[in-house]
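*Asks:* Structure provided below as structure tokens; questions to follow.
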Amino acid sequence: METQGRTPEWVPHDAEGTYASSVREGVEGSHDGLPGEGGTKDLPASPGAKRRALNAQEYVDGVRSGDRVILGRAITLIESHAPDHVALAQQVLTQLLPLTGASLRVGITGIPGSGKSTFIEALGCHLTSAGHRVAVLAIDPSSSVTRGSVLGDKTRMERLARDPRCFIRPSPSGGTLGGVTRKTRESMLVCEAAGFDVILVETIGVGQSEIAVRSMVDMFLLLLITGGGDDLQGIKKGVMELADAVVINKADGDNRVRAEAMRADTALALHYFGPATEGWTTPVLTCSARHGEGIAAVWQAAEDFRAAVTQRGTFQQRRNSQLLEWMHGMVEDRLRAQFTADPDVRQLLPSIETAVKTGTITAAHAAEQLLAAFERRHQRTSS
Ligand SMILES: Nc1nc2c(ncn2[C@@H]2O[C@H](COP(=O)(O)OP(=O)(O)OP(=O)(O)O)[C@@H](O)[C@H]2O)c(=O)[nH]1
Ligand SMILES: [Mg+2]
């Protein structure tokens with residue numbers, strides 16, 4: 001897909017390549033801070049806030065007041081790799097932190113074509129009409145290769161994308177899964193500070209991204225479909241163990257009976273797994289995202305989940321351990337980046353790699369040598 005010319009609108013001319021995100025074409029309308037006909041009456045947007053560089057206080061004030069343009073820009077700032085943007089983003093986040101945490105964070109996964117986007121559209125519209133404010137984020141570590149399927153998502157979420165009570169943000173493209181995960185977590189916090197009380201995180205890539213999403217949400221929802229094929233859904237066995245609710249989608253028309261049979265089979269299969277979340281029994285439901293049937297029951301399950309795990313204290317415990325995991329992850333990322341950027345390590349690496357491949361030295365010995373080179377420099381600079 002062609003993305004040229006669709007970098008974020010406020011990127012400075014000299015900021016080549018420092019942005020993790022590129023803005024993909026979406027539907028016409030008012031989402032992501034783009035002006036449109038849908039109107040964002042309950043969410044003011046300050047004129048002229050589009051291009052001028054903002055300071056931390058302006059970001060904070062804009063996000064707090066629910067200004068969609070500034071919210072979009074704050075997320076773009078978070079996605080930037082430029083060191084001064086990273087520092088500014090941290091200042092903004094620190095100030096917004098007291099306003100975060102009040103939402104229910106729900107991760108949604110399922111094989112490609114299981115109807116995740118259609119489901120999010122149906123659930124999102126159900127929620128906004130009940131007065132909730134919904135932010136939709138996506139984890140798509142593959143988007144640097146495929147250029148993302150989020151464009152498809154946006155057209156599939158057309159009604160929701162026009163809803164002034166909803167904010168849809170494509171996944172930052174490029175970078176490692178760890179990097180994308182960090183940015184999505186921070187974006188989630190900014191959305192909470194802007195008053196969104198339900199955050200839906202869709203996994204786009206298959207495989208590792210489910211685990212990444214699990215590590216940032218309160219509730220994890222798995223969509224299945226009948227006839228998905230044992231092989232394909234077999235990949236999901238590990239994911240099934242993580243699911244706080246399993247939803248058999250496309251339970252409509254001729255498929256209704258099969259979906260019901262699958263629901264019963266899946267519920268039986270789940271008996272063999274331990275609870276995904278202590279104190280909660282994973283329900284299996286059917287729905288038709290296309291026709292909006294069963295969506296209210298899925299949300300009721302989410303509300304029940306929240307009530308049950310909050311009462312047990314599991315809700316806060318999970319959030320606390322996610323924060324620690326997040327912190328350790330960032331330390332590891334930083335150390336790894338410093339290690340691979342170290343001039344001594346870089347100089348040594350080709351010959352050491354050759355030596356390992358040819359069996360001249362052991363992998364353990366090679367690792368020792370590289371770490372010793374790294375540590376020597378570190379000791380020199382810190383003394
Ligand atoms: N019959 C029926 N079709 C549905 C339903 N939900 C989604 N579909 C169709 O299934 C196809 C895939 O739906 P998507 O919402 O794009 O699925 P997805 O899981 O987001 O797909 P990827 O983003 O490609 O992983 C589309 O053609 C939808 O119209 C449903 O409840 N019933
Ligand atoms: Mg999709």
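By order in the structure tokens, chains are A, B, ...; within a chain, residues start at 1; ligands start at 1, following the order shown.
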Which neighbours of A:Ile225 fall inside 10 Å, counting only C-alpha atoms, when residues of the same chain fewer than 6 positions from it are skipped, and could you give them as a ChimeraX atom specification?
*Replies:* /A:110-111,113-115,233,247-251,255,258-259,262-263,286
*Asks:* Could you write out, as a PyMOL selection string, all the residues of stretch 217-320 of chain A that DSSP marks as strand (DSSP E or B)?
*Replies:* chain A and resi 219-224+245-248+284-286+288+293
*Asks:* For the residues in the current selection, export C-alpha atoms as a compact mmCIF listing (two decimals), in the first residue's frame.
*Replies:*
```
# COMPACT_ATOMS: atom_id res chain seq x y z
CA MET A 219 -9.57 -8.45 30.05
CA PHE A 220 -8.65 -10.58 27.08
CA LEU A 221 -11.29 -11.60 24.60
CA LEU A 222 -10.86 -14.29 21.94
CA LEU A 223 -13.02 -14.40 18.82
CA LEU A 224 -13.45 -17.74 17.11
CA ALA A 245 -14.12 -14.66 27.39
CA VAL A 246 -14.41 -16.67 24.18
CA VAL A 247 -16.86 -15.41 21.60
CA ILE A 248 -17.96 -17.49 18.61
CA VAL A 284 -18.19 -18.90 25.94
CA LEU A 285 -20.73 -16.84 24.04
CA THR A 286 -21.99 -16.56 20.50
CA SER A 288 -23.14 -11.92 15.17
CA GLU A 293 -26.69 -9.79 17.96
```
*Asks:* Kindly indicate which residue among A:Ala264, A:Leu71, A:Ala56, A:Met157 lies nearest to A:Arg290, using only C-alpha atoms for the distances.
*Replies:*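 Nearest candidate to A:Arg290 out of A:Ala264, A:Leu71, A:Ala56, A:Met157: A:Met157.
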*Asks:* Among stretch 150-270 of chain A, which residues does DSSP mark as alpha helix (DSSP H) when it is run on the backbone? Keep the chain and numbering as in the structure and answer as JSON, numbers by chain.
*Replies:* {"A": [150, 151, 152, 153, 154, 155, 156, 158, 159, 160, 161, 177, 178, 179, 180, 181, 182, 183, 184, 185, 186, 187, 188, 189, 190, 191, 192, 193, 208, 209, 210, 211, 212, 213, 214, 230, 231, 232, 233, 234, 237, 238, 239, 240, 255, 256, 257, 258, 259, 260, 261, 262, 263, 264, 265, 266, 267, 268, 269, 270]}
*Asks:* List the neighbours of A:Gly62 out to 10 Å using only C-alpha atoms; skip same-chain residues closer than 2 positions along the sequence, and give me the result as a ChimeraX atom specification.
*Replies:* /A:44-46,49,54,56-60,64-71,73-74,194
*Asks:* Could you tell me how far atom CA of A:Ser187 sits from atom CA of A:Ile75, in Å to one decimal place?
*Replies:*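 Spanning atom CA of A:Ile75 to atom CA of A:Ser187 is a straight-line distance of 5.6 Å.
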*Asks:* Would you work out the distance separating atom CA of A:Thr128 from atom CA of A:Ala102, expressed in Å to one decimal?
*Replies:*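 Atom-to-atom, atom CA of A:Thr128 to atom CA of A:Ala102, that is 16.6 Å.
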*Asks:* Within 10 Å of A:Leu127, counting only C-alpha atoms, which residues show up once you throw out same-chain ones fewer than 4 positions away? Write them as a ChimeraX atom specification, please.
*Replies:* /A:121-123,131-134,165-166,198,295-296,299
